[in-house]
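Source file: coords16.cif (mmCIF, C-alpha atoms)
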```
data_structure
loop_
_atom_site.label_atom_id
_atom_site.label_comp_id
_atom_site.auth_asym_id
_atom_site.auth_seq_id
_atom_site.Cartn_x
_atom_site.Cartn_y
_atom_site.Cartn_z
CA MET A 26 -17.38 183.42 115.04
CA GLY A 27 -19.88 185.82 116.62
CA ILE A 28 -23.33 186.36 118.03
CA LYS A 29 -25.94 188.43 116.19
CA SER A 30 -28.53 190.46 118.10
CA TYR A 31 -31.57 192.32 116.77
CA LYS A 32 -33.31 195.63 117.31
CA PRO A 33 -36.27 195.06 119.69
CA THR A 34 -38.96 195.88 117.15
CA THR A 35 -41.01 192.92 118.43
CA PRO A 36 -41.09 191.05 121.77
CA THR A 37 -39.57 188.04 119.99
CA LEU A 38 -36.53 189.96 118.80
CA ARG A 39 -35.85 191.76 122.07
CA TYR A 40 -33.70 188.97 123.55
CA LYS A 41 -32.94 186.96 120.44
CA GLN A 42 -29.25 186.18 119.92
CA ILE A 43 -28.12 183.66 117.33
CA SER A 44 -24.86 182.60 115.76
CA THR A 45 -23.67 184.42 112.66
CA LYS A 46 -22.20 181.13 111.34
CA GLU A 47 -19.25 182.95 109.81
CA GLU A 48 -17.27 179.71 109.63
CA VAL A 49 -19.84 177.98 107.42
CA THR A 50 -18.82 177.92 103.75
CA ALA A 51 -21.52 175.72 102.15
CA GLU A 52 -25.28 175.76 102.48
CA LYS A 53 -26.18 172.37 100.97
CA PRO A 54 -24.73 169.05 102.18
CA TYR A 55 -22.77 166.55 100.12
CA LYS A 56 -25.69 164.29 99.24
CA PRO A 57 -23.86 160.91 98.96
CA LEU A 58 -22.98 161.25 102.65
CA THR A 59 -26.56 161.86 103.84
CA VAL A 60 -29.36 159.45 104.69
CA GLY A 61 -32.98 159.94 105.64
CA ILE A 62 -33.98 159.53 109.28
CA LYS A 63 -37.40 158.55 110.53
CA ARG A 64 -38.75 160.69 113.32
CA SER A 65 -40.54 158.93 116.16
CA SER A 66 -41.90 162.20 117.62
CA GLY A 67 -41.40 160.79 121.12
CA ARG A 68 -43.64 157.78 120.47
CA ASP A 69 -42.99 154.06 120.86
CA ASN A 70 -43.73 151.24 118.40
CA GLN A 71 -47.40 151.34 119.40
CA GLY A 72 -47.77 155.03 118.68
CA HIS A 73 -48.09 156.01 122.35
CA ILE A 74 -46.12 158.99 123.67
CA SER A 75 -43.21 157.51 125.63
CA SER A 76 -41.09 160.67 125.70
CA ARG A 77 -43.07 163.78 126.52
CA ARG A 78 -42.43 167.26 125.10
CA ARG A 79 -41.05 166.06 121.78
CA GLY A 80 -42.60 166.17 118.33
CA GLY A 81 -42.85 168.11 115.12
CA GLY A 82 -39.74 169.91 113.97
CA HIS A 83 -38.24 170.62 110.59
CA LYS A 84 -37.50 167.80 108.19
CA LYS A 85 -33.78 167.00 108.00
CA ARG A 86 -31.31 164.45 106.69
CA TYR A 87 -28.62 162.77 108.75
CA ARG A 88 -24.99 163.49 107.82
CA ILE A 89 -22.79 160.39 108.11
CA ILE A 90 -19.86 161.42 110.32
CA ASP A 91 -16.51 159.64 110.27
CA PHE A 92 -15.66 159.35 113.98
CA LYS A 93 -12.79 156.92 113.29
CA ARG A 94 -10.70 158.87 110.71
CA LYS A 95 -8.65 156.89 108.16
CA SER A 96 -5.17 156.21 109.52
CA ASN A 97 -2.12 157.40 107.58
CA VAL A 98 -4.24 158.84 104.74
CA PRO A 99 -3.94 162.66 104.50
CA CYS A 100 -7.01 164.71 103.68
CA THR A 101 -7.91 168.27 102.66
CA ILE A 102 -10.81 170.32 104.03
CA GLU A 103 -13.25 171.21 101.24
CA THR A 104 -16.15 172.85 103.10
CA ILE A 105 -17.35 173.67 106.62
CA GLU A 106 -21.08 173.10 107.06
CA TYR A 107 -23.93 173.43 109.55
CA ASP A 108 -25.35 170.11 110.76
CA PRO A 109 -28.96 170.16 112.03
CA ASN A 110 -28.34 166.95 113.98
CA ARG A 111 -25.61 168.32 116.30
CA SER A 112 -24.45 171.56 117.87
CA ALA A 113 -20.91 171.61 116.42
CA PHE A 114 -20.14 172.36 112.77
CA ILE A 115 -18.89 169.62 110.47
CA ALA A 116 -16.24 169.64 107.75
CA LEU A 117 -16.24 167.80 104.43
CA VAL A 118 -12.77 166.37 103.77
CA LYS A 119 -11.32 164.70 100.69
CA TYR A 120 -8.76 161.96 101.30
CA ALA A 121 -5.73 161.38 99.13
CA ASN A 122 -7.34 158.22 97.71
CA GLY A 123 -10.29 160.28 96.38
CA SER A 124 -12.93 159.35 98.96
CA ARG A 125 -14.82 161.98 100.95
CA ALA A 126 -16.08 162.01 104.52
CA TYR A 127 -17.60 164.31 107.12
CA ILE A 128 -15.67 164.99 110.32
CA LEU A 129 -16.37 167.15 113.35
CA ALA A 130 -14.90 170.57 112.59
CA PRO A 131 -12.34 171.83 115.14
CA HIS A 132 -12.33 175.51 116.06
CA GLY A 133 -10.07 177.62 113.88
CA ILE A 134 -9.58 175.36 110.85
CA LYS A 135 -9.92 176.79 107.36
CA VAL A 136 -10.91 175.46 103.95
CA GLY A 137 -7.88 174.10 102.12
CA GLU A 138 -5.98 172.98 105.22
CA LYS A 139 -4.45 169.52 105.18
CA LEU A 140 -5.07 167.10 108.04
CA ALA A 141 -3.60 163.74 108.98
CA SER A 142 -4.40 160.93 111.38
CA GLY A 143 -2.79 157.90 112.94
CA THR A 144 0.55 157.18 114.59
CA GLY A 145 3.22 159.65 113.50
CA ALA A 146 0.81 162.47 112.64
CA GLU A 147 1.98 166.00 113.38
CA TYR A 148 0.70 167.67 116.57
CA LYS A 149 -1.68 170.16 114.97
CA VAL A 150 -5.28 171.27 115.46
CA GLY A 151 -7.54 168.88 113.58
CA ASN A 152 -5.10 165.97 113.43
CA THR A 153 -6.03 162.68 115.08
CA MET A 154 -3.42 160.67 116.96
CA PRO A 155 -3.05 158.23 119.89
CA LEU A 156 -3.24 159.74 123.35
CA LYS A 157 0.31 158.59 124.10
CA ASP A 158 1.64 160.87 121.32
CA ILE A 159 -0.23 163.99 122.50
CA PRO A 160 1.61 166.33 124.94
CA LEU A 161 0.24 166.94 128.42
CA ASN A 162 -2.31 169.72 129.05
CA ALA A 163 -3.36 169.65 125.39
CA GLN A 164 -6.97 170.33 124.38
CA ILE A 165 -8.56 167.31 122.66
CA HIS A 166 -11.98 166.16 121.49
CA ASN A 167 -13.67 163.18 119.79
CA ILE A 168 -11.94 160.73 122.16
CA GLU A 169 -12.18 156.96 121.81
CA LEU A 170 -13.08 154.72 124.75
CA LYS A 171 -12.16 151.52 122.90
CA PRO A 172 -9.36 151.30 120.31
CA GLY A 173 -10.81 151.37 116.79
CA HIS A 174 -14.35 152.00 118.03
CA GLY A 175 -14.47 155.67 116.99
CA GLY A 176 -14.70 158.84 119.07
CA GLN A 177 -17.36 158.89 121.79
CA LEU A 178 -16.38 161.63 124.25
CA ALA A 179 -16.30 165.45 123.93
CA ARG A 180 -18.25 165.86 120.69
CA SER A 181 -20.57 168.86 121.26
CA ALA A 182 -20.06 172.49 120.26
CA GLY A 183 -17.20 174.41 121.87
CA VAL A 184 -16.11 171.65 124.25
CA SER A 185 -12.70 170.12 124.79
CA ALA A 186 -11.11 167.69 127.21
CA GLU A 187 -7.64 168.00 128.74
CA LEU A 188 -4.91 165.38 128.88
CA VAL A 189 -3.63 165.64 132.47
CA ALA A 190 -1.39 162.59 133.00
CA LYS A 191 0.15 159.65 131.14
CA ASP A 192 1.71 156.32 131.97
CA GLU A 193 2.64 153.25 129.93
CA LYS A 194 -0.87 151.82 129.53
CA TYR A 195 -3.39 154.50 130.53
CA CYS A 196 -3.83 158.25 130.20
CA GLN A 197 -5.83 160.48 132.54
CA VAL A 198 -8.23 162.78 130.72
CA ARG A 199 -10.28 165.56 132.33
CA LEU A 200 -13.64 165.59 130.56
CA PRO A 201 -15.83 168.71 130.07
CA SER A 202 -17.98 167.61 133.04
CA GLY A 203 -14.94 167.76 135.36
CA GLU A 204 -14.64 163.98 135.61
CA VAL A 205 -11.09 162.59 135.34
CA ARG A 206 -11.07 159.23 133.62
CA LEU A 207 -8.52 156.59 132.68
CA ILE A 208 -8.41 155.85 128.94
CA LEU A 209 -6.11 153.44 127.12
CA SER A 210 -3.09 155.28 125.73
CA VAL A 211 -3.57 153.70 122.27
CA CYS A 212 -7.04 155.26 121.88
CA LEU A 213 -7.29 158.06 119.32
CA ALA A 214 -8.26 161.66 119.98
CA THR A 215 -8.39 164.79 117.84
CA VAL A 216 -6.34 167.84 118.78
CA GLY A 217 -8.10 171.12 119.51
CA GLN A 218 -11.41 172.53 120.65
CA LEU A 219 -14.62 171.90 118.73
CA SER A 220 -16.19 174.60 116.55
CA ASN A 221 -19.22 176.82 117.22
CA VAL A 222 -17.82 177.99 120.56
CA ASP A 223 -20.59 180.58 121.03
CA HIS A 224 -23.35 177.99 120.92
CA ASN A 225 -24.06 178.34 124.67
CA ASN A 226 -24.52 182.10 124.26
CA GLU A 227 -27.39 181.76 121.81
CA VAL A 228 -30.86 182.83 122.94
CA SER A 229 -33.78 181.48 120.93
CA GLY A 230 -36.11 184.35 121.78
CA SER A 231 -39.19 182.66 120.35
CA ALA A 232 -41.31 179.61 121.01
CA GLY A 233 -41.54 178.99 117.27
CA ARG A 234 -37.82 178.36 116.95
CA SER A 235 -38.08 175.67 119.62
CA ARG A 236 -40.87 174.02 117.63
CA TRP A 237 -38.65 173.97 114.54
CA LEU A 238 -36.16 171.98 116.62
CA GLY A 239 -38.82 169.46 117.63
CA ILE A 240 -39.26 170.77 121.19
CA ARG A 241 -42.90 170.96 122.32
CA PRO A 242 -44.17 173.08 125.22
CA SER A 243 -43.52 171.91 128.78
CA VAL A 244 -46.31 172.44 131.33
CA ARG A 245 -45.39 172.53 135.05
CA GLY A 246 -47.06 169.99 137.29
CA VAL A 247 -48.08 172.56 139.92
CA VAL A 248 -50.39 174.32 137.48
CA MET A 249 -52.22 171.12 136.52
CA ASN A 250 -55.32 169.64 138.12
CA PRO A 251 -54.96 166.95 140.82
CA ILE A 252 -56.16 164.28 138.42
CA ASP A 253 -53.35 165.09 135.99
CA HIS A 254 -50.37 165.41 138.37
CA PRO A 255 -49.52 164.74 142.03
CA LEU A 256 -48.39 168.37 142.40
CA GLY A 257 -51.61 169.76 140.93
CA GLY A 258 -54.56 171.42 142.61
CA GLY A 259 -54.83 173.79 145.55
CA GLU A 260 -56.56 177.10 145.99
CA GLY A 261 -54.41 179.87 144.59
CA ARG A 262 -50.74 179.42 143.84
CA THR A 263 -48.98 176.60 145.66
CA SER A 264 -45.50 175.15 145.38
CA GLY A 265 -46.76 171.58 145.38
CA GLY A 266 -46.32 170.60 149.01
CA ARG A 267 -44.22 167.53 148.25
CA HIS A 268 -41.00 166.53 146.57
CA PRO A 269 -40.82 167.16 142.80
CA CYS A 270 -42.00 164.12 140.91
CA SER A 271 -43.29 162.86 137.58
CA PRO A 272 -47.03 162.57 136.78
CA TRP A 273 -46.73 158.94 137.91
CA GLY A 274 -45.32 159.81 141.33
CA LYS A 275 -41.65 158.96 140.71
CA ASN A 276 -39.29 161.39 142.45
CA SER A 277 -37.36 163.48 139.93
CA LYS A 278 -34.51 164.89 142.05
CA GLY A 279 -31.67 163.40 144.03
CA LYS A 280 -31.57 159.90 142.58
CA LYS A 281 -28.19 158.65 141.38
CA THR A 282 -28.22 158.05 137.64
CA ARG A 283 -24.96 156.15 137.24
CA ASN A 284 -25.24 152.35 137.48
CA ASN A 285 -22.20 150.81 135.82
CA LYS A 286 -19.93 149.11 138.35
CA ARG A 287 -17.88 147.53 135.56
CA THR A 288 -16.24 150.85 134.64
CA ASP A 289 -16.17 152.48 138.09
CA LYS A 290 -12.48 151.60 138.39
CA MET A 291 -11.72 153.78 135.33
CA ILE A 292 -12.95 156.96 137.04
CA VAL A 293 -10.16 158.72 138.94
CA ARG A 294 -12.26 161.70 140.03
CA HIS A 295 -16.04 161.91 139.84
CA ARG A 296 -17.67 165.00 138.43
CA GLN A 297 -19.40 165.63 141.78
CA LYS A 298 -16.85 167.42 143.96
CA LYS A 299 -18.09 165.78 147.15
CA ARG A 300 -17.07 162.42 145.71
CA SER A 301 -13.58 163.54 144.67
#
```

Could you write out this structure as structure tokens?
Amino acid sequence: MGIKSYKPTTPTLRYKQISTKEEVTAEKPYKPLTVGIKRSSGRDNQGHISSRRRGGGHKKRYRIIDFKRKSNVPCTIETIEYDPNRSAFIALVKYANGSRAYILAPHGIKVGEKLASGTGAEYKVGNTMPLKDIPLNAQIHNIELKPGHGGQLARSAGVSAELVAKDEKYCQVRLPSGEVRLILSVCLATVGQLSNVDHNNEVSGSAGRSRWLGIRPSVRGVVMNPIDHPLGGGEGRTSGGRHPCSPWGKNSKGKKTRNNKRTDKMIVRHRQKKRS
């Protein structure tokens, strides 16, 4: 896994750094495990823009990912592929019963390796097992919050969580954000770190590449006219003169975003240090 840079023959290439995708072994997806997805381009059911700065982008198909993993059915890795819908790579596996599925590819796995899941599985990168069977301080990803619901936590490129403590009913897991959370010990998790670890080191280098990803330009409020934004207007360059806000006057910094008292008791340590 590495990062490729270019000779600065153009302004676009001067800072461009992209992944070499050395791990990827197949260019085309396994078609039976793909479905078409309809793009909303940031618009609601009336066609009005409800999410700014989104639209366009390359056409793509969704790869159906198996976040649950079949218990006690061994599988073999057939290919490692790029997925345009997520930052991590995915792996096509063939189960012993003949069925195929896509899983999130852990870092370091190779084509031909055999994986297992469920109670009694060997402690090995790529295997899925209950938290109670995983040793302390192990790196894990694709962690369930509810038994049998499928992995929901730590699923993006290069991330991993850490199992820091265990008791009879709950395990304490340190998430990539720094939050320490209680999770039922019977919930499943996959051993290892996720693939594409250099994803955060990539530099797009060009506006066009952002448009391929469906990201439209973002215009700052302070450079708009007063009729378009509360921060707009003024003679010469100004910093706005008021707290950052949306075009509709709603403050955009400092507001707490968490509002789920039901699960507050499951958080041992909040990701904000001042609340630890």

query: Using only C-alpha atoms, which of A:Arg94, A:Lys119, A:Ser30, A:Leu178 sits nearest Arg199 of chain A?
result: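 Selected residue with least distance to Arg199 of chain A: A:Leu178.
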
Please produce, as a tab-separated table, a per-residue contact table for segment 189-294 of chain A versus segment 152-165 of chain A (criterion: any atom at most 9 Å away, all atoms listed in the file considered), showing the nearest atom pair and its distance in Å to one decimal, sorted by chain then residue number.
```
residue	atom	partner	partner_atom	distance
A:Val189	CA	A:Asn162	CA	5.5
A:Ala190	CA	A:Leu161	CA	6.5
A:Lys191	CA	A:Lys157	CA	7.1
A:Asp192	CA	A:Lys157	CA	8.3
A:Glu193	CA	A:Lys157	CA	8.2
A:Lys194	CA	A:Lys157	CA	8.8
A:Tyr195	CA	A:Lys157	CA	8.5
A:Cys196	CA	A:Leu156	CA	7.0
A:Ile208	CA	A:Leu156	CA	8.6
A:Leu209	CA	A:Leu156	CA	7.9
A:Ser210	CA	A:Lys157	CA	5.0
A:Val211	CA	A:Pro155	CA	5.1
A:Cys212	CA	A:Pro155	CA	5.4
A:Leu213	CA	A:Pro155	CA	4.3
A:Ala214	CA	A:Thr153	CA	5.5
A:Thr215	CA	A:Thr153	CA	4.2
A:Val216	CA	A:Ile165	CA	4.5
A:Gly217	CA	A:Ile165	CA	5.0
A:Gln218	CA	A:Gln164	CA	6.2
A:Leu219	CA	A:Ile165	CA	8.6
```

Next, dump the selected residues to file, keeping only C-alpha atoms, as a PDB file, in the frame of the given file.
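Contents of the output file result_27.pdb:
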```
ATOM      1  CA  VAL A 189      -3.630 165.640 132.470  1.00  0.00           C
ATOM      2  CA  ALA A 190      -1.390 162.590 133.000  1.00  0.00           C
ATOM      3  CA  LYS A 191       0.150 159.650 131.140  1.00  0.00           C
ATOM      4  CA  ASP A 192       1.710 156.320 131.970  1.00  0.00           C
ATOM      5  CA  GLU A 193       2.640 153.250 129.930  1.00  0.00           C
ATOM      6  CA  LYS A 194      -0.870 151.820 129.530  1.00  0.00           C
ATOM      7  CA  TYR A 195      -3.390 154.500 130.530  1.00  0.00           C
ATOM      8  CA  CYS A 196      -3.830 158.250 130.200  1.00  0.00           C
ATOM      9  CA  ILE A 208      -8.410 155.850 128.940  1.00  0.00           C
ATOM     10  CA  LEU A 209      -6.110 153.440 127.120  1.00  0.00           C
ATOM     11  CA  SER A 210      -3.090 155.280 125.730  1.00  0.00           C
ATOM     12  CA  VAL A 211      -3.570 153.700 122.270  1.00  0.00           C
ATOM     13  CA  CYS A 212      -7.040 155.260 121.880  1.00  0.00           C
ATOM     14  CA  LEU A 213      -7.290 158.060 119.320  1.00  0.00           C
ATOM     15  CA  ALA A 214      -8.260 161.660 119.980  1.00  0.00           C
ATOM     16  CA  THR A 215      -8.390 164.790 117.840  1.00  0.00           C
ATOM     17  CA  VAL A 216      -6.340 167.840 118.780  1.00  0.00           C
ATOM     18  CA  GLY A 217      -8.100 171.120 119.510  1.00  0.00           C
ATOM     19  CA  GLN A 218     -11.410 172.530 120.650  1.00  0.00           C
ATOM     20  CA  LEU A 219     -14.620 171.900 118.730  1.00  0.00           C
TER      21      LEU A 219
END
```

field: d(atom CA of Ala126 of chain A, atom CA of Ile102 of chain A) in Å
entry: 9.9 Å

task: Taking the file above as input, evaluate the PyMOL selection byres ((chain A and resi 111) around 10) and report the hits as an MDAnalysis selection string.
output: chainID A and resid 87:88 107:110 112:115 129 180:182

Near segment 44-61 of chain A, 10 Å: segment 71-140 of chain A residue rows, closest pairs, all atoms listed in the file, as CSV:
```
residue,atom,partner,partner_atom,distance
A:Lys84,CA,A:Gly61,CA,9.4
A:Lys85,CA,A:Gly61,CA,7.5
A:Arg86,CA,A:Gly61,CA,4.9
A:Tyr87,CA,A:Val60,CA,5.3
A:Arg88,CA,A:Thr59,CA,4.6
A:Ile89,CA,A:Leu58,CA,5.5
A:Ile90,CA,A:Leu58,CA,8.3
A:Glu103,CA,A:Thr50,CA,9.1
A:Thr104,CA,A:Thr50,CA,5.8
A:Ile105,CA,A:Val49,CA,5.0
A:Glu106,CA,A:Val49,CA,5.0
A:Tyr107,CA,A:Val49,CA,6.5
A:Asp108,CA,A:Pro54,CA,8.7
A:Phe114,CA,A:Val49,CA,7.8
A:Ile115,CA,A:Val49,CA,8.9
A:Ala116,CA,A:Val49,CA,9.1
A:Leu117,CA,A:Tyr55,CA,7.9
A:Arg125,CA,A:Leu58,CA,8.4
A:Ala126,CA,A:Leu58,CA,7.2
A:Tyr127,CA,A:Leu58,CA,7.6
A:Ala130,CA,A:Glu48,CA,9.9
A:His132,CA,A:Glu48,CA,9.1
A:Gly133,CA,A:Glu48,CA,8.6
A:Ile134,CA,A:Glu48,CA,8.9
A:Lys135,CA,A:Glu48,CA,8.2
A:Val136,CA,A:Thr50,CA,8.3
```

message: On this structure, the PyMOL selection byres ((chain A and resi 250-260) around 8) would catch which residues? List them as number ranges by chain, sorted by chain and number.
response: A: 246-249, 261-267, 269-274

Just C-alpha atoms for this one: save the residues we selected as a JSON list (two decimals), keeping the file's coordinate frame.
```
[["chain", "number", "residue", "atom", "x", "y", "z"],
["A", 246, "GLY", "CA", -47.06, 169.99, 137.29],
["A", 247, "VAL", "CA", -48.08, 172.56, 139.92],
["A", 248, "VAL", "CA", -50.39, 174.32, 137.48],
["A", 249, "MET", "CA", -52.22, 171.12, 136.52],
["A", 261, "GLY", "CA", -54.41, 179.87, 144.59],
["A", 262, "ARG", "CA", -50.74, 179.42, 143.84],
["A", 263, "THR", "CA", -48.98, 176.60, 145.66],
["A", 264, "SER", "CA", -45.50, 175.15, 145.38],
["A", 265, "GLY", "CA", -46.76, 171.58, 145.38],
["A", 266, "GLY", "CA", -46.32, 170.60, 149.01],
["A", 267, "ARG", "CA", -44.22, 167.53, 148.25],
["A", 269, "PRO", "CA", -40.82, 167.16, 142.80],
["A", 270, "CYS", "CA", -42.00, 164.12, 140.91],
["A", 271, "SER", "CA", -43.29, 162.86, 137.58],
["A", 272, "PRO", "CA", -47.03, 162.57, 136.78],
["A", 273, "TRP", "CA", -46.73, 158.94, 137.91],
["A", 274, "GLY", "CA", -45.32, 159.81, 141.33]]
```

query: How many Å lie between atom CA of His224 of chain A and atom CA of Arg39 of chain A, rounded to one decimal?
result: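 Straight-line distance from atom CA of His224 of chain A to atom CA of Arg39 of chain A works out to 18.6 Å.
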
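The coordinates place atom CA of Ile74 of chain A at 19.0 Å from atom CA of Ser277 of chain A.
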
field: Selected residue, from A:Val205, A:Ile128, A:Gly123, A:Val150, that lies nearest to Lys290 of chain A when counting all atoms listed in the file
entry: A:Val205
